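Below: one structure, written as structure tokens.
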Amino acid sequence: MSLGWTKHGDGRHVAPGDVVAPDERLSWPRTIGIGMQHVVAMFGSTFIVPLLTGFSPATTLFFSAIGTALFLLITRNRLPSYLGSSFAFIAPILAATASHGQSVAVGGILVTGLVLAAVGVLVHFAGARWIDVVMPPIVTGTIVALIGLNLAPAAWGNFQKAPVTAAITLAAIILVTVLFKGIIGRLSILVGVAIGYVAALIRGEVDFTAVGKAEWFGFPHFVTPSFDPAVLGLFVPVVLVLIAENVGHVKSVAAMTGKNLDGVAGRALFADGVATTIAGVGGGSGTTTYAENIGVMAATRVYSTAAYWVAAATAFLLSMSPKFGALIATIPDGVLGGATTMLYGMIGILGARIWVQARVDFGNPVNLTTAAVPLIIGIANFTFSAGDLTFEGIAIGTASALVIYHGMRAIARWRGTDQEPASPASAPAAAEATD
């Protein structure tokens with residue numbers, strides 16, 4: 001019985017240069033094994049988000065599994081993806097929790113999901129062209145970069161609590177990345193965290209008290225959302241990042257499988273919006289399509305959605321063990337400090353990667369200003385209050401990126417200055433650099 005998937009070849013081998021398409025599968029034992037690999041791939045990043053934000057790891061895993069299953073259903077098994085915790089939510093969750101409590105932070109996640117789902121519906125019926133118009137690479141890259149760099153103080157805060165353990169963790173992540181090939185190298189953060197955890201054990205920094213008290217089986221802890229308009233400015237910018245991540249995921253899978261998946265982009269955005277909304281109903285972290293699992297697909301050349309159903313089922317079963325969740329929660333601050341030094345920096349550099357891949361010309365003063373001002377706003381965490389509403393670095397930086405880019409372009413066209421050369425203080429254009 002294929003359950004909607006056709007068997008690829010003999011179900012045991014993938015010929016050189018061949019790929020297992022989303023609507024195909026290998027034999028079930030192999031499919032289950034690959035599904036387990038996807039769980040390992042998403043594991044480190046998915047759990048780091050709740051550990052940093054004070055959310056329940058088991059609850060986050062529960063909604064991650066539910067969200068992945070819904071994503072596969074909504075996209076009709078055409079787009080292989082695991083929905084794990086989005087790093088874009090870390091900063092707004094921390095800020096909202098500190099000022100208004102966890103319940104309000106959960107409400108912010110729910111609202112973010114609703115907005116993303118609405119965008120998905122719009123893209124499905126109107127097409128994705130308008131996304132490129134409103135959010136060109138210079139804007140998207142800037143928003144992604146400022147979210148990562150805004151979190152730098154949080155990484156330093158955790159690092160300071162146990163600098164030796166943090167340094168061991170960071171060094172392990174760096175070395176594993178270059179020492180090992182294949183799947184181990186791709187899971188350098190997970191392996192580095194494991195090494196840091198062992199170091200923390202040796203140094204007596206791990207407390208197993210909660211693990212001993214936790215039950216083996218049971219539902220995770222749920223949190224009811226509440227809403228406060230004061231925090232919405234923190235969460236709405238995350239929608240722009242989730243749009244970029246989902247569209248990027250669609251394009252990546254299309255490139256690797258040789259299939260045109262543009263028609264699925266709206267469904268992908270809607271599905272991630274629904275998954276994030278449901279996570280916000282019960283206290284899970286907001287979700288996004290995971291690049292870590294793209295690495296597994298690239299390594300195995302298996303893009304079968306059947307493997308992701310296995311991953312979702314496995315994650316669901318693990319979430320039903322409070323003892324497992326308690327064990328994950330024992331990861332100490334020092335280990336998190338080392339890991340987040342790498343992770344937050346990677347988010348920042350991913351923004352720069354978007355610029356590089358799109359060949360953004362920083363000799364153009366509009367592009368230069370669009371990146372320069374919001375980045376300083378995000379790093380310094382500029383804050384502005386208007387009555388009960390408070391806007392911090394990410395929200396203000398995101399708004400400034402959009403206003404500066406579109407405002408400067410409109411004025412430059414009106415004044416006829418859009419063709420003028422860059423100012424001497426700006427970075428040289430490609431042609432200038434060559435000369």
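Identifiers for the structure tokens are assigned positionally: chains receive A, B, ... in sequence, residues are indexed from 1 per chain, and ligands are indexed from 1 in the order shown.
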* **Polymer residues at most 9 Å from Leu318 of chain A, only C-alpha atoms, same-chain spacing of 4 or more positions, as a ChimeraX atom specification** => /A:58,61-62,313-314,322,324-325
What's the 10 Å shell around Ile131 of chain A, counting only C-alpha atoms, without same-chain residues fewer than 2 positions away, as a PDB file with N, CA, C and O atoms, in the first residue's frame?
ATOM      1  N   VAL A 119      -1.511  36.412   4.713  1.00  0.00           N
ATOM      2  CA  VAL A 119      -0.577  36.658   3.611  1.00  0.00           C
ATOM      3  C   VAL A 119      -0.550  35.462   2.663  1.00  0.00           C
ATOM      4  O   VAL A 119      -0.512  35.624   1.438  1.00  0.00           O
ATOM      5  N   VAL A 123      -1.189  35.525  -1.303  1.00  0.00           N
ATOM      6  CA  VAL A 123      -0.204  35.036  -2.273  1.00  0.00           C
ATOM      7  C   VAL A 123      -0.805  33.947  -3.156  1.00  0.00           C
ATOM      8  O   VAL A 123      -0.551  33.882  -4.367  1.00  0.00           O
ATOM      9  N   GLY A 127      -0.621  35.788  -6.334  1.00  0.00           N
ATOM     10  CA  GLY A 127       0.733  35.519  -6.787  1.00  0.00           C
ATOM     11  C   GLY A 127       1.764  36.125  -5.853  1.00  0.00           C
ATOM     12  O   GLY A 127       1.458  37.008  -5.043  1.00  0.00           O
ATOM     13  N   ALA A 128       3.001  35.664  -5.984  1.00  0.00           N
ATOM     14  CA  ALA A 128       4.065  36.076  -5.063  1.00  0.00           C
ATOM     15  C   ALA A 128       4.870  37.266  -5.578  1.00  0.00           C
ATOM     16  O   ALA A 128       5.799  37.722  -4.913  1.00  0.00           O
ATOM     17  N   ARG A 129       4.514  37.788  -6.744  1.00  0.00           N
ATOM     18  CA  ARG A 129       5.284  38.880  -7.337  1.00  0.00           C
ATOM     19  C   ARG A 129       5.334  40.107  -6.424  1.00  0.00           C
ATOM     20  O   ARG A 129       6.367  40.782  -6.313  1.00  0.00           O
ATOM     21  N   VAL A 133       8.318  43.047  -4.764  1.00  0.00           N
ATOM     22  CA  VAL A 133       8.194  44.497  -4.919  1.00  0.00           C
ATOM     23  C   VAL A 133       8.255  45.198  -3.560  1.00  0.00           C
ATOM     24  O   VAL A 133       8.976  46.185  -3.378  1.00  0.00           O
ATOM     25  N   VAL A 134       7.502  44.682  -2.607  1.00  0.00           N
ATOM     26  CA  VAL A 134       7.460  45.302  -1.277  1.00  0.00           C
ATOM     27  C   VAL A 134       8.728  45.012  -0.482  1.00  0.00           C
ATOM     28  O   VAL A 134       9.248  45.885   0.221  1.00  0.00           O
ATOM     29  N   MET A 135       9.231  43.786  -0.600  1.00  0.00           N
ATOM     30  CA  MET A 135      10.401  43.368   0.177  1.00  0.00           C
ATOM     31  C   MET A 135      11.501  42.858  -0.745  1.00  0.00           C
ATOM     32  O   MET A 135      11.749  41.657  -0.821  1.00  0.00           O
ATOM     33  N   PRO A 136      12.201  43.738  -1.443  1.00  0.00           N
ATOM     34  CA  PRO A 136      13.338  43.305  -2.265  1.00  0.00           C
ATOM     35  C   PRO A 136      14.458  42.793  -1.365  1.00  0.00           C
ATOM     36  O   PRO A 136      14.425  42.993  -0.142  1.00  0.00           O
ATOM     37  N   LEU A 240       7.489  39.258   8.241  1.00  0.00           N
ATOM     38  CA  LEU A 240       8.310  39.504   7.061  1.00  0.00           C
ATOM     39  C   LEU A 240       9.440  38.481   6.954  1.00  0.00           C
ATOM     40  O   LEU A 240       9.781  38.027   5.863  1.00  0.00           O
ATOM     41  N   ILE A 243       7.934  35.107   5.879  1.00  0.00           N
ATOM     42  CA  ILE A 243       7.642  35.111   4.444  1.00  0.00           C
ATOM     43  C   ILE A 243       8.903  34.796   3.660  1.00  0.00           C
ATOM     44  O   ILE A 243       8.905  33.939   2.762  1.00  0.00           O
ATOM     45  N   ALA A 244       9.994  35.479   4.011  1.00  0.00           N
ATOM     46  CA  ALA A 244      11.259  35.261   3.304  1.00  0.00           C
ATOM     47  C   ALA A 244      11.744  33.824   3.468  1.00  0.00           C
ATOM     48  O   ALA A 244      12.214  33.199   2.506  1.00  0.00           O
ATOM     49  N   VAL A 247       9.325  31.363   1.388  1.00  0.00           N
ATOM     50  CA  VAL A 247       9.541  31.492  -0.056  1.00  0.00           C
ATOM     51  C   VAL A 247      10.910  30.939  -0.437  1.00  0.00           C
ATOM     52  O   VAL A 247      11.061  30.265  -1.459  1.00  0.00           O
TER      53      VAL A 247
END
* Asked: Which residues come within 12 Å of Ala311 of chain A, counting only C-alpha atoms, excluding same-chain residues fewer than 4 positions away, as a ChimeraX atom specification?
  -> /A:31-43,61-62,64-69,72,80-84,293,304-307,315-318
* Asked: Quick one: DSSP helix (DSSP H, G or I) residues in segment 160-274 of chain A, as a ChimeraX atom specification?
  -> /A:160-161,163-179,182-186,188-202,209-213,229-257,262-274
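Distances here use only C-alpha atoms; by that measure, the residue among A:Leu149, A:Ala271, A:Val198, A:Val206 closest to Asn77 of chain A is A:Ala271.
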